[in-house]
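Next comes model-v1.cif, with mmCIF, C-alpha atoms and all ligand atoms.
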```cif
data_protein
#
loop_
_atom_site.group_PDB
_atom_site.id
_atom_site.type_symbol
_atom_site.label_atom_id
_atom_site.label_comp_id
_atom_site.auth_asym_id
_atom_site.auth_seq_id
_atom_site.Cartn_x
_atom_site.Cartn_y
_atom_site.Cartn_z
ATOM 1 C CA MET A 1 27.687 21.449 -5.916
ATOM 2 C CA THR A 2 24.312 22.963 -6.927
ATOM 3 C CA LEU A 3 21.331 21.634 -5.020
ATOM 4 C CA PRO A 4 18.297 20.834 -7.145
ATOM 5 C CA PHE A 5 16.078 23.350 -5.341
ATOM 6 C CA GLU A 6 18.342 26.384 -5.743
ATOM 7 C CA THR A 7 17.575 29.028 -8.372
ATOM 8 C CA PRO A 8 17.879 26.976 -11.531
ATOM 9 C CA ALA A 9 21.137 27.809 -13.159
ATOM 10 C CA LYS A 10 20.658 24.988 -15.580
ATOM 11 C CA ARG A 11 17.354 24.256 -17.269
ATOM 12 C CA ARG A 12 17.322 20.672 -16.052
ATOM 13 C CA GLU A 13 17.226 21.640 -12.403
ATOM 14 C CA ILE A 14 13.939 21.880 -10.571
ATOM 15 C CA GLY A 15 12.883 25.349 -9.440
ATOM 16 C CA PRO A 16 10.408 26.118 -6.645
ATOM 17 C CA GLU A 17 7.593 26.797 -9.111
ATOM 18 C CA ALA A 18 8.008 23.486 -10.970
ATOM 19 C CA PHE A 19 8.323 21.693 -7.630
ATOM 20 C CA GLY A 20 5.059 23.321 -6.492
ATOM 21 C CA ARG A 21 3.274 22.234 -9.678
ATOM 22 C CA ILE A 22 4.538 18.642 -9.328
ATOM 23 C CA ALA A 23 3.545 18.571 -5.653
ATOM 24 C CA ALA A 24 0.051 19.867 -6.515
ATOM 25 C CA SER A 25 -0.420 17.185 -9.199
ATOM 26 C CA LEU A 26 0.766 14.431 -6.851
ATOM 27 C CA ARG A 27 -1.593 15.590 -4.114
ATOM 28 C CA ARG A 28 -4.537 15.784 -6.527
ATOM 29 C CA GLU A 29 -3.855 12.330 -8.027
ATOM 30 C CA ALA A 30 -2.776 10.322 -4.978
ATOM 31 C CA GLY A 31 -3.364 12.423 -1.842
ATOM 32 C CA ILE A 32 0.385 12.456 -1.239
ATOM 33 C CA ALA A 33 1.875 15.568 0.376
ATOM 34 C CA LEU A 34 5.406 16.539 -0.677
ATOM 35 C CA ALA A 35 7.387 18.758 1.698
ATOM 36 C CA PRO A 36 9.850 21.212 0.078
ATOM 37 C CA GLU A 37 12.750 19.178 1.554
ATOM 38 C CA LYS A 38 11.778 16.479 -0.949
ATOM 39 C CA ALA A 39 12.973 18.579 -3.916
ATOM 40 C CA ALA A 40 16.185 16.574 -4.275
ATOM 41 C CA LEU A 41 14.232 13.311 -4.204
ATOM 42 C CA VAL A 42 11.787 14.577 -6.847
ATOM 43 C CA HIS A 43 14.681 15.681 -9.007
ATOM 44 C CA GLY A 44 16.437 12.345 -8.552
ATOM 45 C CA ARG A 45 13.373 10.339 -9.537
ATOM 46 C CA LEU A 46 12.123 12.495 -12.418
ATOM 47 C CA ALA A 47 15.227 13.897 -14.147
ATOM 48 C CA ARG A 48 15.620 10.690 -16.156
ATOM 49 C CA ARG A 49 12.028 10.949 -17.379
ATOM 50 C CA VAL A 50 12.502 14.560 -18.423
ATOM 51 C CA ARG A 51 15.549 13.513 -20.449
ATOM 52 C CA ALA A 52 13.899 10.385 -21.921
ATOM 53 C CA LEU A 53 10.943 12.471 -23.102
ATOM 54 C CA GLY A 54 13.350 14.913 -24.789
ATOM 55 C CA LEU A 55 11.932 17.832 -22.798
ATOM 56 C CA ASP A 56 13.644 21.114 -22.201
ATOM 57 C CA GLY A 57 13.402 20.923 -18.405
ATOM 58 C CA PHE A 58 10.979 20.638 -15.504
ATOM 59 C CA ASP A 59 8.751 23.529 -16.595
ATOM 60 C CA ALA A 60 8.037 21.699 -19.867
ATOM 61 C CA TYR A 61 7.512 18.508 -17.857
ATOM 62 C CA CYS A 62 4.896 20.294 -15.714
ATOM 63 C CA ASP A 63 3.138 21.560 -18.854
ATOM 64 C CA LEU A 64 2.990 17.960 -20.076
ATOM 65 C CA ILE A 65 1.605 16.334 -16.903
ATOM 66 C CA GLU A 66 -1.016 19.081 -16.589
ATOM 67 C CA SER A 67 -2.220 18.546 -20.172
ATOM 68 C CA ARG A 68 -4.761 16.047 -21.505
ATOM 69 C CA GLU A 69 -2.039 14.389 -23.611
ATOM 70 C CA GLY A 70 0.091 13.952 -20.492
ATOM 71 C CA ALA A 71 -2.323 11.628 -18.626
ATOM 72 C CA ALA A 72 -0.073 8.567 -19.058
ATOM 73 C CA GLU A 73 3.024 10.515 -17.975
ATOM 74 C CA LEU A 74 1.134 11.848 -14.954
ATOM 75 C CA ARG A 75 0.466 8.237 -13.872
ATOM 76 C CA ALA A 76 4.113 7.340 -14.507
ATOM 77 C CA MET A 77 5.157 10.337 -12.395
ATOM 78 C CA VAL A 78 2.935 9.247 -9.493
ATOM 79 C CA ASN A 79 4.419 5.741 -9.679
ATOM 80 C CA ALA A 80 7.944 7.156 -9.740
ATOM 81 C CA LEU A 81 7.295 9.334 -6.689
ATOM 82 C CA THR A 82 5.655 6.733 -4.455
ATOM 83 C CA THR A 83 7.658 4.564 -2.070
ATOM 84 C CA ASN A 84 6.991 0.843 -2.391
ATOM 85 C CA VAL A 85 9.298 -0.497 0.334
ATOM 86 C CA THR A 86 7.744 -3.543 2.011
ATOM 87 C CA ARG A 87 8.722 -6.877 3.554
ATOM 88 C CA PHE A 88 7.208 -10.217 4.490
ATOM 89 C CA PHE A 89 6.013 -10.080 8.112
ATOM 90 C CA ARG A 90 6.968 -6.404 8.444
ATOM 91 C CA GLU A 91 6.107 -5.142 11.945
ATOM 92 C CA PRO A 92 5.718 -8.750 13.106
ATOM 93 C CA HIS A 93 3.660 -7.982 16.239
ATOM 94 C CA HIS A 94 0.699 -7.299 13.920
ATOM 95 C CA PHE A 95 0.863 -10.843 12.581
ATOM 96 C CA ASP A 96 1.031 -12.236 16.135
ATOM 97 C CA GLU A 97 -2.074 -10.226 16.936
ATOM 98 C CA LEU A 98 -3.769 -11.296 13.711
ATOM 99 C CA ARG A 99 -3.151 -14.965 14.524
ATOM 100 C CA ARG A 100 -4.126 -14.611 18.180
ATOM 101 C CA GLU A 101 -7.083 -12.205 18.098
ATOM 102 C CA THR A 102 -8.534 -11.788 14.627
ATOM 103 C CA LEU A 103 -8.210 -14.956 12.582
ATOM 104 C CA PRO A 104 -9.657 -17.420 15.139
ATOM 105 C CA ARG A 105 -12.821 -15.284 15.287
ATOM 106 C CA LEU A 106 -13.041 -14.929 11.483
ATOM 107 C CA VAL A 107 -12.421 -18.625 10.845
ATOM 108 C CA ALA A 108 -15.056 -19.621 13.419
ATOM 109 C CA ALA A 109 -17.567 -17.232 11.804
ATOM 110 C CA ALA A 110 -16.727 -18.593 8.351
ATOM 111 C CA ARG A 111 -17.258 -22.169 9.587
ATOM 112 C CA ALA A 112 -20.652 -20.998 10.850
ATOM 113 C CA GLY A 113 -21.492 -19.677 7.377
ATOM 114 C CA ALA A 114 -20.309 -16.030 7.490
ATOM 115 C CA PRO A 115 -17.192 -15.749 5.290
ATOM 116 C CA ALA A 116 -14.773 -12.888 5.940
ATOM 117 C CA THR A 117 -12.764 -10.462 3.834
ATOM 118 C CA ILE A 118 -9.483 -8.834 4.865
ATOM 119 C CA TRP A 119 -8.229 -5.775 2.988
ATOM 120 C CA SER A 120 -4.544 -5.003 2.508
ATOM 121 C CA ALA A 121 -4.811 -1.360 1.394
ATOM 122 C CA GLY A 122 -1.571 -0.053 -0.128
ATOM 123 C CA CYS A 123 -0.232 -3.599 -0.509
ATOM 124 C CA SER A 124 2.765 -2.674 -2.688
ATOM 125 C CA THR A 125 4.333 -5.811 -4.246
ATOM 126 C CA GLY A 126 2.276 -8.285 -2.222
ATOM 127 C CA GLU A 127 4.474 -9.276 0.729
ATOM 128 C CA GLU A 128 1.870 -7.984 3.220
ATOM 129 C CA PRO A 129 -1.218 -9.803 1.821
ATOM 130 C CA TYR A 130 0.774 -13.008 1.324
ATOM 131 C CA SER A 131 1.977 -12.784 4.948
ATOM 132 C CA ILE A 132 -1.689 -12.569 5.974
ATOM 133 C CA ALA A 133 -2.490 -15.551 3.712
ATOM 134 C CA LEU A 134 0.293 -17.645 5.309
ATOM 135 C CA CYS A 135 -1.129 -16.934 8.784
ATOM 136 C CA LEU A 136 -4.608 -17.806 7.600
ATOM 137 C CA LEU A 137 -3.565 -21.082 5.965
ATOM 138 C CA ASP A 138 -1.724 -22.096 9.123
ATOM 139 C CA LEU A 139 -4.955 -21.785 11.086
ATOM 140 C CA ALA A 140 -7.373 -22.917 8.389
ATOM 141 C CA PRO A 141 -5.871 -24.862 5.471
ATOM 142 C CA ASP A 142 -9.412 -24.907 4.009
ATOM 143 C CA ALA A 143 -9.726 -21.077 4.147
ATOM 144 C CA ALA A 144 -10.491 -20.794 0.416
ATOM 145 C CA ALA A 145 -13.329 -23.348 0.676
ATOM 146 C CA LEU A 146 -14.670 -21.411 3.678
ATOM 147 C CA GLY A 147 -14.907 -18.313 1.479
ATOM 148 C CA ILE A 148 -12.311 -16.221 3.364
ATOM 149 C CA ARG A 149 -10.547 -13.827 1.011
ATOM 150 C CA ILE A 150 -7.846 -11.156 1.092
ATOM 151 C CA LEU A 151 -8.261 -8.126 -1.145
ATOM 152 C CA ALA A 152 -4.888 -6.518 -1.957
ATOM 153 C CA THR A 153 -4.984 -3.065 -3.548
ATOM 154 C CA ASP A 154 -2.484 -0.409 -4.501
ATOM 155 C CA LEU A 155 -2.435 2.760 -6.565
ATOM 156 C CA ASN A 156 0.501 1.592 -8.661
ATOM 157 C CA PRO A 157 -0.480 -1.016 -11.309
ATOM 158 C CA GLU A 158 3.120 -2.214 -11.640
ATOM 159 C CA VAL A 159 3.396 -3.299 -8.007
ATOM 160 C CA VAL A 160 -0.076 -4.841 -8.226
ATOM 161 C CA GLU A 161 1.110 -6.946 -11.173
ATOM 162 C CA THR A 162 4.230 -8.031 -9.251
ATOM 163 C CA GLY A 163 2.013 -9.115 -6.369
ATOM 164 C CA ARG A 164 -0.272 -11.028 -8.697
ATOM 165 C CA LYS A 165 2.705 -12.958 -10.077
ATOM 166 C CA GLY A 166 3.815 -13.780 -6.527
ATOM 167 C CA VAL A 167 7.505 -14.371 -7.334
ATOM 168 C CA TYR A 168 10.102 -13.205 -4.792
ATOM 169 C CA LEU A 169 13.777 -13.593 -4.044
ATOM 170 C CA ALA A 170 14.124 -16.632 -1.773
ATOM 171 C CA GLU A 171 15.938 -14.482 0.791
ATOM 172 C CA ALA A 172 12.887 -12.171 1.021
ATOM 173 C CA LEU A 173 11.018 -15.005 2.754
ATOM 174 C CA GLU A 174 13.603 -15.200 5.549
ATOM 175 C CA PRO A 175 11.604 -13.043 8.019
ATOM 176 C CA ALA A 176 8.603 -15.364 7.623
ATOM 177 C CA PRO A 177 8.205 -18.162 10.202
ATOM 178 C CA GLY A 178 9.582 -21.306 8.534
ATOM 179 C CA ALA A 179 6.662 -23.462 9.660
ATOM 180 C CA LEU A 180 4.206 -21.163 7.848
ATOM 181 C CA VAL A 181 6.176 -21.020 4.587
ATOM 182 C CA ARG A 182 6.956 -24.755 4.354
ATOM 183 C CA GLY A 183 5.061 -26.284 1.452
ATOM 184 C CA ARG A 184 3.379 -22.953 0.614
ATOM 185 C CA PHE A 185 6.003 -21.562 -1.797
ATOM 186 C CA GLU A 186 7.518 -23.368 -4.773
ATOM 187 C CA THR A 187 10.818 -22.957 -6.604
ATOM 188 C CA ALA A 188 10.597 -20.435 -9.459
ATOM 189 C CA PRO A 189 13.109 -19.936 -12.295
ATOM 190 C CA PRO A 190 15.978 -17.677 -11.171
ATOM 191 C CA GLY A 191 15.896 -14.144 -12.558
ATOM 192 C CA PRO A 192 18.585 -12.567 -14.777
ATOM 193 C CA ASP A 193 20.774 -12.104 -11.677
ATOM 194 C CA GLY A 194 20.764 -15.887 -11.088
ATOM 195 C CA ALA A 195 19.475 -15.458 -7.506
ATOM 196 C CA PRO A 196 17.093 -18.173 -6.244
ATOM 197 C CA ARG A 197 13.428 -17.248 -6.418
ATOM 198 C CA LEU A 198 10.243 -18.658 -4.928
ATOM 199 C CA ARG A 199 6.663 -18.380 -6.101
ATOM 200 C CA ALA A 200 3.621 -18.315 -3.847
ATOM 201 C CA GLY A 201 1.914 -21.672 -4.307
ATOM 202 C CA GLU A 202 -1.595 -22.141 -5.631
ATOM 203 C CA ALA A 203 -3.190 -22.351 -2.163
ATOM 204 C CA VAL A 204 -1.622 -19.008 -1.158
ATOM 205 C CA ARG A 205 -2.437 -17.202 -4.394
ATOM 206 C CA ALA A 206 -6.027 -18.498 -4.385
ATOM 207 C CA LEU A 207 -6.716 -16.477 -1.222
ATOM 208 C CA VAL A 208 -5.493 -13.114 -2.520
ATOM 209 C CA ALA A 209 -7.155 -10.955 -5.187
ATOM 210 C CA PHE A 210 -5.007 -8.043 -6.440
ATOM 211 C CA LYS A 211 -6.623 -4.872 -7.792
ATOM 212 C CA ARG A 212 -5.554 -1.321 -8.538
ATOM 213 C CA LEU A 213 -7.312 1.156 -6.259
ATOM 214 C CA ASN A 214 -6.644 4.765 -5.326
ATOM 215 C CA LEU A 215 -7.403 5.304 -1.635
ATOM 216 C CA VAL A 216 -8.340 8.932 -2.253
ATOM 217 C CA GLY A 217 -10.794 7.995 -5.031
ATOM 218 C CA PRO A 218 -14.100 6.098 -4.910
ATOM 219 C CA TRP A 219 -14.177 2.616 -3.327
ATOM 220 C CA PRO A 220 -16.384 0.247 -5.312
ATOM 221 C CA PHE A 221 -17.018 -2.265 -2.503
ATOM 222 C CA THR A 222 -20.263 -4.112 -2.021
ATOM 223 C CA ARG A 223 -19.496 -5.609 1.398
ATOM 224 C CA ALA A 224 -17.800 -4.541 4.608
ATOM 225 C CA PHE A 225 -14.335 -5.759 5.621
ATOM 226 C CA ASP A 226 -13.587 -7.780 8.747
ATOM 227 C CA ALA A 227 -10.007 -6.504 9.057
ATOM 228 C CA ILE A 228 -7.953 -3.846 7.271
ATOM 229 C CA PHE A 229 -4.190 -3.544 7.011
ATOM 230 C CA CYS A 230 -3.215 -0.058 5.869
ATOM 231 C CA ARG A 231 0.366 0.289 7.022
ATOM 232 C CA ASN A 232 2.991 2.812 5.974
ATOM 233 C CA VAL A 233 0.655 4.398 3.421
ATOM 234 C CA LEU A 234 -1.181 7.182 5.281
ATOM 235 C CA ILE A 235 2.139 8.591 6.433
ATOM 236 C CA TYR A 236 2.536 10.062 2.936
ATOM 237 C CA PHE A 237 -0.796 11.937 3.132
ATOM 238 C CA ASP A 238 -1.464 15.230 4.922
ATOM 239 C CA SER A 239 -3.403 15.028 8.224
ATOM 240 C CA PRO A 240 -6.912 15.878 6.860
ATOM 241 C CA THR A 241 -6.526 13.286 4.069
ATOM 242 C CA GLN A 242 -5.292 10.671 6.550
ATOM 243 C CA ASP A 243 -8.232 11.293 8.830
ATOM 244 C CA ASP A 244 -10.702 11.209 5.942
ATOM 245 C CA VAL A 245 -9.403 7.818 4.725
ATOM 246 C CA LEU A 246 -9.482 6.474 8.308
ATOM 247 C CA ARG A 247 -13.086 7.685 8.729
ATOM 248 C CA ARG A 248 -13.949 5.894 5.473
ATOM 249 C CA PHE A 249 -12.263 2.726 6.803
ATOM 250 C CA ALA A 250 -14.694 2.870 9.724
ATOM 251 C CA GLY A 251 -17.584 3.034 7.249
ATOM 252 C CA ALA A 252 -16.159 0.109 5.264
ATOM 253 C CA THR A 253 -15.737 -2.323 8.188
ATOM 254 C CA THR A 254 -17.940 -4.529 10.330
ATOM 255 C CA GLU A 255 -18.279 -3.814 14.039
ATOM 256 C CA GLY A 256 -15.350 -5.473 15.852
ATOM 257 C CA ALA A 257 -13.137 -5.380 12.736
ATOM 258 C CA ARG A 258 -9.471 -4.678 13.416
ATOM 259 C CA LEU A 259 -7.544 -1.922 11.657
ATOM 260 C CA PHE A 260 -3.754 -2.219 11.517
ATOM 261 C CA LEU A 261 -1.741 0.949 10.880
ATOM 262 C CA GLY A 262 1.999 1.450 10.449
ATOM 263 C CA ASN A 263 4.153 2.046 13.515
ATOM 264 C CA SER A 264 4.304 5.802 12.963
ATOM 265 C CA GLU A 265 0.619 6.249 12.010
ATOM 266 C CA ARG A 266 -2.257 7.218 14.314
ATOM 267 C CA LEU A 267 -5.988 7.937 14.146
ATOM 268 C CA GLY A 268 -7.091 11.566 13.683
ATOM 269 C CA PRO A 269 -9.885 13.654 15.260
ATOM 270 C CA ALA A 270 -12.691 12.444 12.930
ATOM 271 C CA SER A 271 -11.685 8.772 13.016
ATOM 272 C CA ALA A 272 -10.567 8.299 16.655
ATOM 273 C CA PRO A 273 -14.131 8.143 18.101
ATOM 274 C CA LEU A 274 -15.002 5.330 15.682
ATOM 275 C CA PHE A 275 -12.345 2.893 16.911
ATOM 276 C CA ASP A 276 -11.248 1.501 20.277
ATOM 277 C CA ARG A 277 -7.665 0.675 21.123
ATOM 278 C CA GLY A 278 -6.657 -2.841 20.006
ATOM 279 C CA GLY A 279 -2.909 -3.363 20.330
ATOM 280 C CA VAL A 280 0.189 -1.480 19.204
ATOM 281 C CA THR A 281 -1.109 0.681 16.322
ATOM 282 C CA SER A 282 -4.113 -1.573 15.904
ATOM 283 C CA TYR A 283 -7.671 -0.430 16.499
ATOM 284 C CA ILE A 284 -11.093 -2.071 16.765
ATOM 285 C CA ARG A 285 -14.128 -0.683 14.962
ATOM 286 C CA ASN A 286 -16.648 0.181 17.659
ATOM 287 C CA ALA A 287 -20.443 0.391 17.606
ATOM 288 C CA LYS A 288 -20.711 4.143 16.907
ATOM 289 C CA PRO A 289 -22.812 4.883 13.792
ATOM 290 C CA ALA A 290 -20.729 4.233 10.682
ATOM 291 C CA PRO A 291 -20.311 7.137 8.270
ATOM 292 C CA ALA A 292 -20.715 6.379 4.560
ATOM 293 C CA ALA A 293 -17.473 4.995 3.124
HETATM 294 C C1 LIG B 1 5.634 1.954 1.744
HETATM 295 S S1 LIG B 1 4.472 1.012 0.839
HETATM 296 C C2 LIG B 1 3.702 0.090 2.156
HETATM 297 C C3 LIG B 1 3.457 -1.360 1.785
HETATM 298 C C4 LIG B 1 2.894 -2.232 2.917
HETATM 299 N N1 LIG B 1 1.606 -1.765 3.336
HETATM 300 C C5 LIG B 1 3.861 -2.315 4.068
HETATM 301 O O1 LIG B 1 3.617 -1.697 5.125
HETATM 302 O O2 LIG B 1 4.877 -2.982 3.955
HETATM 303 C C6 LIG B 1 3.250 2.263 0.449
HETATM 304 C C7 LIG B 1 2.328 1.876 -0.696
HETATM 305 O O3 LIG B 1 1.217 2.785 -0.704
HETATM 306 C C8 LIG B 1 0.835 2.987 -2.032
HETATM 307 N N2 LIG B 1 0.041 4.216 -2.146
HETATM 308 C C9 LIG B 1 0.463 5.498 -2.043
HETATM 309 N N3 LIG B 1 -0.555 6.352 -2.245
HETATM 310 C C10 LIG B 1 -1.650 5.584 -2.474
HETATM 311 C C11 LIG B 1 -3.028 5.878 -2.761
HETATM 312 N N4 LIG B 1 -3.466 7.143 -2.876
HETATM 313 N N5 LIG B 1 -3.871 4.849 -2.945
HETATM 314 C C12 LIG B 1 -3.430 3.569 -2.846
HETATM 315 N N6 LIG B 1 -2.162 3.225 -2.580
HETATM 316 C C13 LIG B 1 -1.273 4.222 -2.399
HETATM 317 C C14 LIG B 1 2.159 3.053 -2.789
HETATM 318 O O4 LIG B 1 1.997 2.794 -4.169
HETATM 319 C C15 LIG B 1 2.979 1.991 -2.063
HETATM 320 O O5 LIG B 1 2.950 0.760 -2.726
#
```

Can you give me the file's structure in the form of structure tokens?
Ligand SMILES: C[S@@+](CC[C@H](N)C(=O)[O-])C[C@H]1O[C@@H](n2cnc3c(N)ncnc32)[C@H](O)[C@@H]1O
Amino acid sequence: MTLPFETPAKRREIGPEAFGRIAASLRREAGIALAPEKAALVHGRLARRVRALGLDGFDAYCDLIESREGAAELRAMVNALTTNVTRFFREPHHFDELRRETLPRLVAAARAGAPATIWSAGCSTGEEPYSIALCLLDLAPDAAALGIRILATDLNPEVVETGRKGVYLAEALEPAPGALVRGRFETAPPGPDGAPRLRAGEAVRALVAFKRLNLVGPWPFTRAFDAIFCRNVLIYFDSPTQDDVLRRFAGATTEGARLFLGNSERLGPASAPLFDRGGVTSYIRNAKPAPAA
């Protein structure tokens, strides 16, 4: 068997030079670092596109994505190479902490006239922001009237659109506490596979605004966040990019705001002084001067 990264015997295989050009484009567009061991994955995800476009091989594909005419294909390539795996109530200790530590404070502040915003950065298909919304509604069924909102953003417009629709396989809701889901999701028409589906109800969807946003581009925010979930996203970036985004999170949050990272993600040298330890991979924005986001 010929591995995709070996000297290309066939034109459709990916050589080290084409891999390097694809990796450079992905890093420039999305901040994502691709290790050489990922050559087989890149081949697996892009070979179909090379064929569908009628191109001669990966060198021609690189010429296309680096050209002005290839802007749409470059975006499609980034979408194809990102990992969108997510689940309702993934890493459940964060939702326990959210319900115990963060939301009571935010709801009390909102009742006193200071509404809060929570950011789910790298939200994929919406399971994470809707999990936050279910926790919030459990504590404050009037959260929307109080002005509390969840901003859900992702680089990939397709996953953002899926989140906006809010339709999921019924079995995807199984990890969610039953008491929180009851009455909050409604039956949706089954998909082509006939499997039962549920749609986030009006009260849940009203709390979450979905937008496309690239974390390594500009952030057009006018107000600071009171909590940020950015879990299992930074792991795809190299260390300096991770630390830069984390430093910008500090500049985009209020003092005392909680930052939730994925289980295998940590603060870096520029961001660590700006946060105190919260819980397991959660951090609290401290009073040190905030850098510009
Ligand atoms: C593995 S999912 C994590 C989803 C969710 N946060 C969770 O933990 O379940 C990673 C998401 O990060 C998004 N992503 C990758 N690079 C990004 C970037 N530069 N800006 C914004 N989102 C990005 C991907 O599109 C993908 O949906």

*Out of A:Gly256, A:Pro240, A:Gly122, A:Pro196, which residue has the shortest atom-to-atom distance to Arg212 (chain A) when counting all atoms listed in the file?*
A:Gly122

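Using the PyMOL selection byres (((chain A and resi 223) around 12) and not hetatm) on the file at hand returns these residues: Pro115, Ala116, Thr117, Ile118, Trp119, Leu151, Trp219, Pro220, Phe221, Thr222, Ala224, Phe225, Asp226, Gly251, Ala252, Thr253, Thr254 and Ala293 of chain A.
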
_Nearest to Tyr168 (chain A), chosen from A:Gly201, A:Gly279, A:Gly31, A:Pro36, with all atoms listed in the file counted in the distances_ =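 Ranking A:Gly201, A:Gly279, A:Gly31, A:Pro36 by distance to Tyr168 (chain A), first place goes to A:Gly201.
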
Quick one: contact table of chain A to ligand LIG 1 (chain B), 9 Å max, nearest atom pair and distance in Å to one decimal per residue, counting only C-alpha atoms and all ligand atoms, chain and number order, as JSON lines?
```
{"residue": "A:Arg27", "atom": "CA", "partner": "B:LIG1", "partner_atom": "N4", "distance": 8.7}
{"residue": "A:Glu29", "atom": "CA", "partner": "B:LIG1", "partner_atom": "N4", "distance": 7.3}
{"residue": "A:Ala30", "atom": "CA", "partner": "B:LIG1", "partner_atom": "N4", "distance": 3.9}
{"residue": "A:Gly31", "atom": "CA", "partner": "B:LIG1", "partner_atom": "N4", "distance": 5.4}
{"residue": "A:Ile32", "atom": "CA", "partner": "B:LIG1", "partner_atom": "N3", "distance": 6.3}
{"residue": "A:Val78", "atom": "CA", "partner": "B:LIG1", "partner_atom": "O4", "distance": 8.4}
{"residue": "A:Asn79", "atom": "CA", "partner": "B:LIG1", "partner_atom": "O4", "distance": 6.7}
{"residue": "A:Leu81", "atom": "CA", "partner": "B:LIG1", "partner_atom": "O4", "distance": 8.8}
{"residue": "A:Thr82", "atom": "CA", "partner": "B:LIG1", "partner_atom": "C14", "distance": 5.3}
{"residue": "A:Thr83", "atom": "CA", "partner": "B:LIG1", "partner_atom": "C1", "distance": 5.0}
{"residue": "A:Asn84", "atom": "CA", "partner": "B:LIG1", "partner_atom": "O5", "distance": 4.1}
{"residue": "A:Val85", "atom": "CA", "partner": "B:LIG1", "partner_atom": "C1", "distance": 4.6}
{"residue": "A:Thr86", "atom": "CA", "partner": "B:LIG1", "partner_atom": "O2", "distance": 3.5}
{"residue": "A:Arg87", "atom": "CA", "partner": "B:LIG1", "partner_atom": "O2", "distance": 5.5}
{"residue": "A:Phe88", "atom": "CA", "partner": "B:LIG1", "partner_atom": "O2", "distance": 7.6}
{"residue": "A:Phe89", "atom": "CA", "partner": "B:LIG1", "partner_atom": "O2", "distance": 8.3}
{"residue": "A:Arg90", "atom": "CA", "partner": "B:LIG1", "partner_atom": "O2", "distance": 6.0}
{"residue": "A:Glu91", "atom": "CA", "partner": "B:LIG1", "partner_atom": "O1", "distance": 8.0}
{"residue": "A:Ser120", "atom": "CA", "partner": "B:LIG1", "partner_atom": "N1", "distance": 7.0}
{"residue": "A:Ala121", "atom": "CA", "partner": "B:LIG1", "partner_atom": "N6", "distance": 6.6}
{"residue": "A:Gly122", "atom": "CA", "partner": "B:LIG1", "partner_atom": "O3", "distance": 4.0}
{"residue": "A:Cys123", "atom": "CA", "partner": "B:LIG1", "partner_atom": "N1", "distance": 4.6}
{"residue": "A:Ser124", "atom": "CA", "partner": "B:LIG1", "partner_atom": "O5", "distance": 3.4}
{"residue": "A:Thr125", "atom": "CA", "partner": "B:LIG1", "partner_atom": "O5", "distance": 6.9}
{"residue": "A:Gly126", "atom": "CA", "partner": "B:LIG1", "partner_atom": "C4", "distance": 8.0}
{"residue": "A:Glu127", "atom": "CA", "partner": "B:LIG1", "partner_atom": "O2", "distance": 7.1}
{"residue": "A:Glu128", "atom": "CA", "partner": "B:LIG1", "partner_atom": "C4", "distance": 5.9}
{"residue": "A:Pro129", "atom": "CA", "partner": "B:LIG1", "partner_atom": "N1", "distance": 8.7}
{"residue": "A:Thr153", "atom": "CA", "partner": "B:LIG1", "partner_atom": "C12", "distance": 6.8}
{"residue": "A:Asp154", "atom": "CA", "partner": "B:LIG1", "partner_atom": "N6", "distance": 4.1}
{"residue": "A:Leu155", "atom": "CA", "partner": "B:LIG1", "partner_atom": "C12", "distance": 3.9}
{"residue": "A:Asn156", "atom": "CA", "partner": "B:LIG1", "partner_atom": "O4", "distance": 4.9}
{"residue": "A:Pro157", "atom": "CA", "partner": "B:LIG1", "partner_atom": "O4", "distance": 8.5}
{"residue": "A:Val159", "atom": "CA", "partner": "B:LIG1", "partner_atom": "O5", "distance": 6.7}
{"residue": "A:Val160", "atom": "CA", "partner": "B:LIG1", "partner_atom": "O5", "distance": 8.4}
{"residue": "A:Arg212", "atom": "CA", "partner": "B:LIG1", "partner_atom": "C12", "distance": 7.8}
{"residue": "A:Leu213", "atom": "CA", "partner": "B:LIG1", "partner_atom": "C12", "distance": 5.7}
{"residue": "A:Asn214", "atom": "CA", "partner": "B:LIG1", "partner_atom": "N5", "distance": 3.7}
{"residue": "A:Leu215", "atom": "CA", "partner": "B:LIG1", "partner_atom": "N5", "distance": 3.8}
{"residue": "A:Val216", "atom": "CA", "partner": "B:LIG1", "partner_atom": "N4", "distance": 5.2}
{"residue": "A:Gly217", "atom": "CA", "partner": "B:LIG1", "partner_atom": "N4", "distance": 7.7}
{"residue": "A:Phe229", "atom": "CA", "partner": "B:LIG1", "partner_atom": "N1", "distance": 7.1}
{"residue": "A:Cys230", "atom": "CA", "partner": "B:LIG1", "partner_atom": "N1", "distance": 5.7}
{"residue": "A:Arg231", "atom": "CA", "partner": "B:LIG1", "partner_atom": "O1", "distance": 4.3}
{"residue": "A:Asn232", "atom": "CA", "partner": "B:LIG1", "partner_atom": "O1", "distance": 4.6}
{"residue": "A:Val233", "atom": "CA", "partner": "B:LIG1", "partner_atom": "O3", "distance": 4.5}
{"residue": "A:Leu234", "atom": "CA", "partner": "B:LIG1", "partner_atom": "N3", "distance": 7.6}
{"residue": "A:Ile235", "atom": "CA", "partner": "B:LIG1", "partner_atom": "C6", "distance": 8.8}
{"residue": "A:Tyr236", "atom": "CA", "partner": "B:LIG1", "partner_atom": "C9", "distance": 7.1}
{"residue": "A:Phe237", "atom": "CA", "partner": "B:LIG1", "partner_atom": "N3", "distance": 7.8}
{"residue": "A:Leu261", "atom": "CA", "partner": "B:LIG1", "partner_atom": "O1", "distance": 8.3}
{"residue": "A:Gly262", "atom": "CA", "partner": "B:LIG1", "partner_atom": "O1", "distance": 6.4}
```

*Mind checking which residues fall within 12 Å of Pro189 (chain A), counting all atoms listed in the file, ignoring those fewer than 3 positions away in the same chain, and posting them as a ChimeraX atom specification?*
/A:167-170,186,192-199
